[in-house]
file my_file38.cif (mmCIF, C-alpha atoms)
data_my_file
#
loop_
_atom_site.label_atom_id
_atom_site.label_comp_id
_atom_site.auth_asym_id
_atom_site.auth_seq_id
_atom_site.Cartn_x
_atom_site.Cartn_y
_atom_site.Cartn_z
CA MET A 231 60.52 222.71 145.96
CA GLY A 232 58.03 220.37 147.50
CA THR A 233 56.13 219.86 144.27
CA LYS A 234 59.23 219.09 142.21
CA THR A 235 60.39 216.47 144.68
CA VAL A 236 57.03 214.74 144.58
CA ASP A 237 57.00 214.66 140.77
CA GLU A 238 60.51 213.23 140.56
CA THR A 239 59.62 210.60 143.14
CA GLY A 240 56.50 209.56 141.20
CA ALA A 241 58.35 209.38 137.91
CA ALA A 242 61.05 207.21 139.44
CA THR A 243 58.42 204.93 140.90
CA ARG A 244 56.70 204.50 137.53
CA ALA A 245 60.03 203.82 135.83
CA ASP A 246 60.80 201.12 138.37
CA GLU A 247 57.36 199.59 137.88
CA GLU A 248 57.80 199.56 134.08
CA THR A 249 61.24 197.96 134.44
CA ALA A 250 59.82 195.28 136.75
CA GLU A 251 56.93 194.58 134.39
CA ALA A 252 59.34 194.24 131.43
CA ALA A 253 61.53 191.88 133.43
CA ALA A 254 58.49 189.80 134.40
CA ALA A 255 57.35 189.65 130.78
CA ASP A 256 60.79 188.49 129.66
CA ALA A 257 60.87 185.82 132.35
CA ALA A 258 57.41 184.64 131.31
CA ARG A 259 58.51 184.38 127.70
CA ASP A 260 61.61 182.43 128.72
CA ASP A 261 59.55 180.02 130.80
CA ALA A 262 57.10 179.54 127.97
CA ALA A 263 59.92 178.83 125.52
CA GLY A 264 61.57 176.32 127.89
CA THR A 265 58.44 174.35 128.70
CA ALA A 266 56.99 174.18 125.18
CA PRO A 267 56.82 170.56 123.82
CA ARG A 268 59.43 169.72 121.23
CA THR A 269 58.24 167.99 118.11
CA THR A 270 60.38 165.64 116.10
CA GLU A 271 61.39 166.69 112.68
CA LYS A 272 60.66 163.26 111.23
CA THR A 273 57.63 161.19 112.07
CA GLU A 274 57.42 157.47 111.78
CA GLU A 275 55.85 156.22 108.60
CA THR A 276 52.97 153.83 108.82
CA PRO A 277 52.81 150.77 106.56
CA GLU A 278 50.08 152.48 104.49
CA ALA A 279 52.27 155.54 103.98
CA ALA A 280 55.21 153.32 103.10
CA GLU A 281 53.16 151.55 100.43
CA LYS A 282 52.12 154.87 98.92
CA THR A 283 55.69 156.15 98.77
CA GLY A 284 57.02 152.84 97.41
CA GLU A 285 59.28 152.24 100.39
CA THR A 286 59.08 149.06 102.41
CA PRO A 287 59.65 149.08 106.13
CA GLU A 288 62.84 147.53 107.35
CA THR A 289 62.27 143.94 108.35
CA GLY A 290 64.54 141.40 110.01
CA ALA A 291 65.92 138.27 108.47
CA GLY A 292 64.05 135.95 110.80
CA PRO A 293 62.07 132.92 109.67
CA ASP A 294 58.71 134.76 109.98
CA SER A 295 59.75 137.83 108.02
CA GLY A 296 60.50 135.83 104.85
CA GLY A 297 63.88 137.51 104.42
CA THR A 298 67.02 135.76 103.39
CA PRO A 299 70.12 135.63 105.60
CA ASP A 300 72.61 138.43 105.11
CA SER A 301 75.37 135.91 104.47
CA GLY A 302 73.92 135.11 101.01
CA GLU A 303 74.36 131.36 101.48
CA THR A 304 71.66 128.98 100.36
CA PRO A 305 70.69 125.96 102.51
CA ASP A 306 72.58 123.65 100.13
CA SER A 307 75.78 125.70 100.21
CA GLY A 308 77.03 123.85 103.32
CA GLU A 309 76.56 120.47 101.65
CA ALA A 310 78.28 121.71 98.51
CA LYS A 311 81.25 122.88 100.56
CA ASP A 312 81.42 119.53 102.37
CA ALA A 313 81.27 117.67 99.05
CA GLY A 314 83.98 119.91 97.61
CA ALA A 315 86.19 119.36 100.65
CA ALA A 316 85.67 115.62 100.45
CA GLY A 317 86.52 115.69 96.75
CA GLU A 318 89.76 117.58 97.42
CA THR A 319 90.88 115.35 100.26
CA GLY A 320 89.59 112.08 98.80
CA PRO A 321 91.44 109.84 96.30
CA SER A 322 91.69 111.23 92.77
CA GLY A 323 91.33 107.83 91.05
CA VAL A 324 94.68 108.02 89.22
CA GLY A 325 96.07 104.99 91.04
CA GLN A 326 92.95 102.96 90.37
CA GLY A 327 93.08 103.80 86.67
CA ALA A 328 96.74 102.81 86.47
CA GLY A 329 96.02 99.54 88.26
CA ALA A 330 93.20 98.74 85.84
CA VAL A 331 95.47 99.32 82.82
CA VAL A 332 98.20 97.17 84.38
CA SER A 333 95.70 94.37 84.99
CA ALA A 334 94.53 94.42 81.38
CA GLY A 335 98.14 94.51 80.12
CA LEU A 336 99.15 91.53 82.24
CA GLY A 337 96.12 89.62 80.97
CA ILE A 338 97.14 90.23 77.36
CA VAL A 339 100.72 89.16 78.07
CA SER A 340 99.48 85.94 79.69
CA LEU A 341 97.78 85.01 76.41
CA THR A 342 100.42 86.18 73.94
CA GLY A 343 103.54 85.42 75.98
CA GLY A 344 106.29 87.67 77.24
CA TRP A 345 110.04 87.78 76.86
CA ILE A 346 110.52 86.12 80.25
CA GLY A 347 108.44 83.15 79.12
CA SER A 348 110.36 82.98 75.84
CA VAL A 349 113.72 83.00 77.63
CA ALA A 350 112.55 80.35 80.11
CA SER A 351 111.33 78.17 77.25
CA ALA A 352 114.62 78.46 75.34
CA ARG A 353 116.58 77.71 78.51
CA GLN A 354 114.61 74.54 79.21
CA SER A 355 115.07 73.45 75.61
CA LEU A 356 118.83 73.91 75.88
CA ILE A 357 118.97 72.00 79.16
CA GLY A 358 116.99 69.17 77.59
CA GLN A 359 119.42 68.95 74.70
CA LEU A 360 122.34 68.77 77.10
CA GLU A 361 120.69 66.05 79.17
CA THR A 362 119.96 63.82 76.18
CA SER A 363 122.34 62.03 73.89
CA SER A 364 122.17 60.45 70.50
CA SER A 365 121.42 57.12 72.10
CA SER A 366 118.30 58.39 73.89
CA ASP A 367 114.94 57.29 72.64
CA ILE A 368 112.62 59.65 70.78
CA ALA A 369 110.15 60.01 73.66
CA THR A 370 112.89 61.18 76.00
CA MET A 371 114.26 63.61 73.44
CA ILE A 372 110.82 65.12 72.85
CA GLU A 373 110.12 65.33 76.57
CA LYS A 374 113.47 66.96 77.40
CA GLY A 375 113.77 69.14 74.32
CA TYR A 376 110.21 70.37 73.87
CA GLY A 377 107.92 69.23 76.67
CA ASN A 378 109.81 71.02 79.45
CA ALA A 379 110.13 74.17 77.33
CA TRP A 380 106.41 74.26 76.66
CA HIS A 381 105.69 73.71 80.33
CA ALA A 382 107.95 76.64 81.22
CA THR A 383 106.03 78.86 78.79
CA ALA A 384 102.71 77.73 80.28
CA LEU A 385 104.01 78.33 83.81
CA TRP A 386 105.03 81.90 83.13
CA GLY A 387 101.78 82.55 81.26
CA GLY A 388 99.88 81.33 84.30
CA LEU A 389 101.88 83.65 86.58
CA TYR A 390 101.05 86.63 84.35
CA ALA A 391 97.40 85.65 84.36
CA LEU A 392 97.33 85.28 88.15
CA ALA A 393 98.92 88.72 88.57
CA ALA A 394 96.35 90.25 86.20
CA LEU A 395 93.52 88.62 88.16
CA ILE A 396 94.80 89.85 91.53
CA VAL A 397 95.42 93.42 90.37
CA GLY A 398 91.99 93.63 88.71
CA VAL A 399 90.19 92.38 91.80
CA VAL A 400 92.07 94.87 94.00
CA VAL A 401 91.11 97.76 91.73
CA LEU A 402 87.44 96.73 91.73
CA ALA A 403 87.39 96.33 95.52
CA ARG A 404 89.29 99.57 96.23
CA PRO A 405 86.20 101.90 96.48
CA ALA A 406 84.83 99.82 99.36
CA PHE A 407 87.86 100.83 101.45
CA GLY A 408 88.15 104.42 100.23
CA ALA A 409 86.05 107.56 100.67
CA PRO A 410 82.37 106.66 101.19
CA GLY A 411 79.97 107.95 98.58
CA ARG A 412 82.69 108.49 95.96
CA PRO A 413 81.81 106.40 92.88
CA GLN A 414 84.47 104.79 90.71
CA ALA A 415 84.87 106.05 87.17
CA PRO A 416 83.09 103.80 84.62
CA TRP A 417 86.17 103.42 82.42
CA ILE A 418 88.20 102.18 85.39
CA LYS A 419 85.61 99.50 86.09
CA SER A 420 85.53 98.45 82.45
CA VAL A 421 89.31 98.12 82.11
CA ALA A 422 89.60 96.34 85.46
CA TRP A 423 86.89 93.85 84.51
CA ALA A 424 88.70 93.27 81.20
CA GLY A 425 91.90 92.53 83.11
CA VAL A 426 90.06 90.10 85.40
CA ALA A 427 88.48 88.32 82.45
CA LEU A 428 91.79 88.03 80.60
CA GLY A 429 93.45 86.79 83.77
CA VAL A 430 90.87 84.05 84.25
CA ILE A 431 91.16 82.94 80.61
CA GLY A 432 94.96 82.99 80.69
CA LEU A 433 95.07 81.08 83.98
CA LEU A 434 92.73 78.43 82.61
CA LEU A 435 94.72 78.00 79.39
CA ALA A 436 98.02 77.85 81.28
CA ALA A 437 96.70 75.11 83.55
CA LEU A 438 95.42 73.08 80.58
CA LYS A 439 98.73 73.43 78.73
CA TYR A 440 100.88 72.65 81.77
CA THR A 441 98.95 69.42 82.38
CA ASP A 442 99.14 68.47 78.66
CA VAL A 443 95.35 68.50 78.38
CA LEU A 444 95.60 71.20 75.72
CA LEU A 445 98.23 70.85 72.97
CA GLY A 446 99.98 67.96 74.63
CA LEU A 447 103.16 66.31 73.41
CA PRO A 448 102.81 64.13 70.31
CA SER A 449 102.74 60.40 70.82
CA THR A 450 105.82 58.43 69.73
CA SER A 451 104.21 55.00 69.63
#
call {"tool": "encode", "arguments": {"input": "my_file38.cif", "output": "structure tokens"}}
result
Amino acid sequence: MGTKTVDETGAATRADEETAEAAAADAARDDAAGTAPRTTEKTEETPEAAEKTGETPETGAGPDSGGTPDSGETPDSGEAKDAGAAGETGPSGVGQGAGAVVSAGLGIVSLTGGWIGSVASARQSLIGQLETSSSSDIATMIEKGYGNAWHATALWGGLYALAALIVGVVVLARPAFGAPGRPQAPWIKSVAWAGVALGVIGLLLAALKYTDVLLGLPSTS
């Protein structure tokens, strides 16, 4: 009995020791697994490695990196937008073109005569005939019947010429009071200058005719 008890006690002691050793080994393995350094799955690439693989490192868009801004706008895009906005809000030139054509038309009418001048001339001729009688001398009849009518034609021609001159000058001077930096179309300048020239010529001829310097009344003496 005594020997069997001793053997059972020794076997139990060894089993406990083996269990303790196994537990210590497991704890050591757990500690080793928890304290082991973790390595990253992806390492940073050096510039040399990037050149070999054909990939370029990501760079910023700063002035030193040589990159372009992400917005895709060139330095001149702001000026182009400003110019476009100025063109949309500025004058289109339609009014100036119309004024130039009107000036040239008035200048032509001042030289060729208009229906208002023709009516005024016929009216003065009729008034002259009513104011004269068969007993009037020839000079008076010519003066009343033709001289006044011709003067009326010259007067209205001069008014047309003056209007053409004023309109042409206004059209030529309009860009100075409009949007700065917006040039006037060449054809508008040409037509306006033509109107001014015709106005000056018509005004000069009207003045000469009204004063009987040009195409005066015939002499009755």
call {"tool": "resolve_selection", "arguments": {"input": "my_file38.cif", "expression": "the PyMOL selection byres ((chain A and resi 441) around 12)", "output": "PyMOL selection string"}}
result
chain A and resi 377-378+380-382+384-385+434-440+442-447
call {"tool": "atom_distance", "arguments": {"input": "my_file38.cif", "atom1": "CA of Trp345 in chain A", "atom2": "CA of Trp423 in chain A"}}
result
25.1 Å
call {"tool": "atom_distance", "arguments": {"input": "my_file38.cif", "atom1": "CA of Leu392 in chain A", "atom2": "CA of Ala424 in chain A"}}
result
13.7 Å
call {"tool": "resolve_selection", "arguments": {"input": "my_file38.cif", "expression": "the PyMOL selection byres ((chain A and resi 327) around 9)", "output": "PyMOL selection string"}}
result
chain A and resi 323-326+328-332+401+415+417-419+421-422
call {"tool": "atom_distance", "arguments": {"input": "my_file38.cif", "atom1": "CA of Val430 in chain A", "atom2": "CA of Ser340 in chain A"}}
result
9.9 Å
call {"tool": "residues_around", "arguments": {"input": "my_file38.cif", "residues": "range 352-360 of chain A", "least_positions_apart": "5", "cutoff": "8 Å", "atoms": "all atoms listed in the file", "output": "PDB file with C-alpha atoms, in the coordinates of the input"}}
result
ATOM      1  CA  MET A 371     114.260  63.610  73.440  1.00  0.00           C
ATOM      2  CA  GLU A 373     110.120  65.330  76.570  1.00  0.00           C
ATOM      3  CA  LYS A 374     113.470  66.960  77.400  1.00  0.00           C
ATOM      4  CA  GLY A 375     113.770  69.140  74.320  1.00  0.00           C
ATOM      5  CA  TYR A 376     110.210  70.370  73.870  1.00  0.00           C
ATOM      6  CA  ASN A 378     109.810  71.020  79.450  1.00  0.00           C
ATOM      7  CA  ALA A 379     110.130  74.170  77.330  1.00  0.00           C
ATOM      8  CA  ALA A 382     107.950  76.640  81.220  1.00  0.00           C
TER       9      ALA A 382
END
call {"tool": "residues_near_point", "arguments": {"input": "my_file38.cif", "point": "(97.0, 85.3, 79.4)", "cutoff": "8 Å", "atoms": "only C-alpha atoms", "output": "MDAnalysis selection string"}}
result
chainID A and resid 336:343 387:388 390:391 428:433 435:436
call {"tool": "closest_residue", "arguments": {"input": "my_file38.cif", "among": "A:Ala427, A:Ile372, A:Ala403, A:Ile346", "to": "Leu389 in chain A", "atoms": "all atoms listed in the file"}}
result
A:Ile346
call {"tool": "axis_aligned_box", "arguments": {"input": "my_file38.cif", "around": "range 246-250 of chain A", "padding_each_side": "6 Å", "output": "AutoDock Vina command-line options"}}
result
--center_x 59.3 --center_y 198.2 --center_z 136.2 --size_x 15.9 --size_y 17.8 --size_z 16.3
call {"tool": "closest_residue", "arguments": {"input": "my_file38.cif", "among": "A:Val349, A:Thr249, A:Ser364, A:Gly335", "to": "Ala393 in chain A", "atoms": "only C-alpha atoms"}}
result
A:Gly335
call {"tool": "decode", "arguments": {"input": "my_file38.cif", "residues": "range 332-368 of chain A", "atoms": "N, CA, C and O atoms", "output": "short mmCIF file (atom, residue, chain, number, x, y, z; two decimals), in the first residue's frame"}}
result
data_model
loop_
_atom_site.label_atom_id
_atom_site.label_comp_id
_atom_site.auth_asym_id
_atom_site.auth_seq_id
_atom_site.Cartn_x
_atom_site.Cartn_y
_atom_site.Cartn_z
N VAL A 332 -26.29 106.74 -92.65
CA VAL A 332 -27.17 107.91 -92.69
C VAL A 332 -26.41 109.17 -93.07
O VAL A 332 -26.89 110.00 -93.86
N SER A 333 -25.21 109.32 -92.53
CA SER A 333 -24.40 110.49 -92.86
C SER A 333 -24.08 110.54 -94.35
O SER A 333 -24.22 111.59 -95.00
N ALA A 334 -23.66 109.39 -94.90
CA ALA A 334 -23.37 109.36 -96.34
C ALA A 334 -24.62 109.62 -97.17
O ALA A 334 -24.57 110.34 -98.19
N GLY A 335 -25.77 109.07 -96.75
CA GLY A 335 -27.00 109.32 -97.50
C GLY A 335 -27.42 110.78 -97.48
O GLY A 335 -27.83 111.34 -98.51
N LEU A 336 -27.30 111.42 -96.32
CA LEU A 336 -27.64 112.84 -96.25
C LEU A 336 -26.69 113.68 -97.11
O LEU A 336 -27.11 114.68 -97.71
N GLY A 337 -25.43 113.28 -97.16
CA GLY A 337 -24.48 114.02 -98.00
C GLY A 337 -24.84 113.93 -99.47
O GLY A 337 -24.74 114.92 -100.22
N ILE A 338 -25.29 112.73 -99.91
CA ILE A 338 -25.69 112.58 -101.31
C ILE A 338 -26.95 113.41 -101.62
O ILE A 338 -27.05 114.06 -102.67
N VAL A 339 -27.89 113.40 -100.68
CA VAL A 339 -29.12 114.18 -100.89
C VAL A 339 -28.81 115.67 -100.95
O VAL A 339 -29.45 116.43 -101.71
N SER A 340 -27.85 116.13 -100.17
CA SER A 340 -27.51 117.56 -100.20
C SER A 340 -26.97 118.00 -101.56
O SER A 340 -27.10 119.17 -101.93
N LEU A 341 -26.37 117.06 -102.30
CA LEU A 341 -25.84 117.40 -103.62
C LEU A 341 -26.87 117.21 -104.73
O LEU A 341 -26.90 117.99 -105.71
N THR A 342 -27.71 116.19 -104.61
CA THR A 342 -28.67 115.89 -105.67
C THR A 342 -30.03 116.54 -105.44
O THR A 342 -30.82 116.68 -106.39
N GLY A 343 -30.33 116.90 -104.19
CA GLY A 343 -31.62 117.50 -103.88
C GLY A 343 -32.63 116.45 -103.43
O GLY A 343 -32.62 115.31 -103.92
N GLY A 344 -33.50 116.85 -102.54
CA GLY A 344 -34.53 115.97 -102.04
C GLY A 344 -35.91 116.52 -102.35
O GLY A 344 -36.07 117.62 -102.89
N TRP A 345 -36.93 115.73 -102.02
CA TRP A 345 -38.29 116.16 -102.35
C TRP A 345 -38.70 117.37 -101.52
O TRP A 345 -39.48 118.20 -102.00
N ILE A 346 -38.15 117.52 -100.32
CA ILE A 346 -38.48 118.70 -99.53
C ILE A 346 -37.95 119.97 -100.20
O ILE A 346 -38.63 121.00 -100.28
N GLY A 347 -36.72 119.88 -100.71
CA GLY A 347 -36.16 121.03 -101.42
C GLY A 347 -36.93 121.35 -102.69
O GLY A 347 -37.14 122.53 -103.04
N SER A 348 -37.38 120.29 -103.38
CA SER A 348 -38.16 120.52 -104.61
C SER A 348 -39.50 121.19 -104.30
O SER A 348 -39.93 122.12 -105.00
N VAL A 349 -40.17 120.73 -103.24
CA VAL A 349 -41.44 121.33 -102.86
C VAL A 349 -41.26 122.78 -102.42
O VAL A 349 -42.05 123.68 -102.77
N ALA A 350 -40.19 123.04 -101.65
CA ALA A 350 -39.93 124.41 -101.19
C ALA A 350 -39.63 125.33 -102.37
O ALA A 350 -40.08 126.49 -102.41
N SER A 351 -38.91 124.80 -103.37
CA SER A 351 -38.60 125.61 -104.55
C SER A 351 -39.86 125.93 -105.34
O SER A 351 -40.08 127.08 -105.77
N ALA A 352 -40.72 124.93 -105.53
CA ALA A 352 -41.96 125.17 -106.27
C ALA A 352 -42.88 126.13 -105.52
O ALA A 352 -43.56 126.97 -106.13
N ARG A 353 -42.88 126.04 -104.22
CA ARG A 353 -43.72 126.94 -103.41
C ARG A 353 -43.26 128.39 -103.54
O ARG A 353 -44.07 129.31 -103.70
N GLN A 354 -41.95 128.60 -103.47
CA GLN A 354 -41.43 129.96 -103.60
C GLN A 354 -41.69 130.51 -105.01
O GLN A 354 -41.95 131.71 -105.18
N SER A 355 -41.62 129.63 -105.99
CA SER A 355 -41.90 130.09 -107.35
C SER A 355 -43.36 130.51 -107.50
O SER A 355 -43.67 131.54 -108.14
N LEU A 356 -44.26 129.76 -106.88
CA LEU A 356 -45.68 130.12 -106.94
C LEU A 356 -45.96 131.42 -106.20
O LEU A 356 -46.72 132.28 -106.67
N ILE A 357 -45.33 131.59 -105.05
CA ILE A 357 -45.51 132.83 -104.29
C ILE A 357 -44.99 134.03 -105.09
O ILE A 357 -45.60 135.11 -105.11
N GLY A 358 -43.87 133.84 -105.77
CA GLY A 358 -43.32 134.92 -106.58
C GLY A 358 -44.25 135.30 -107.72
O GLY A 358 -44.40 136.50 -108.04
N GLN A 359 -44.89 134.32 -108.34
CA GLN A 359 -45.82 134.62 -109.40
C GLN A 359 -47.05 135.37 -108.88
O GLN A 359 -47.59 136.25 -109.57
N LEU A 360 -47.47 135.05 -107.68
CA LEU A 360 -48.61 135.74 -107.11
C LEU A 360 -48.27 137.17 -106.70
O LEU A 360 -49.15 138.05 -106.72
N GLU A 361 -47.04 137.40 -106.33
CA GLU A 361 -46.63 138.72 -105.86
C GLU A 361 -46.31 139.67 -107.02
O GLU A 361 -46.19 140.87 -106.82
N THR A 362 -46.10 139.13 -108.19
CA THR A 362 -45.79 139.98 -109.35
C THR A 362 -47.02 140.12 -110.25
O THR A 362 -47.93 139.28 -110.20
N SER A 363 -46.98 141.12 -111.06
CA SER A 363 -48.06 141.35 -112.02
C SER A 363 -47.46 141.58 -113.39
O SER A 363 -46.24 141.63 -113.56
N SER A 364 -48.34 141.72 -114.33
CA SER A 364 -47.86 141.93 -115.70
C SER A 364 -47.13 143.26 -115.86
O SER A 364 -46.36 143.44 -116.81
N SER A 365 -47.37 144.17 -114.97
CA SER A 365 -46.72 145.47 -115.06
C SER A 365 -45.36 145.51 -114.39
O SER A 365 -44.67 146.52 -114.45
N SER A 366 -44.97 144.43 -113.73
CA SER A 366 -43.68 144.41 -113.03
C SER A 366 -42.56 144.31 -114.04
O SER A 366 -42.72 143.75 -115.14
N ASP A 367 -41.40 144.84 -113.64
CA ASP A 367 -40.27 144.77 -114.55
C ASP A 367 -39.70 143.35 -114.57
O ASP A 367 -40.01 142.50 -113.74
N ILE A 368 -38.82 143.11 -115.54
CA ILE A 368 -38.27 141.77 -115.73
C ILE A 368 -37.39 141.35 -114.56
O ILE A 368 -37.42 140.20 -114.13
#
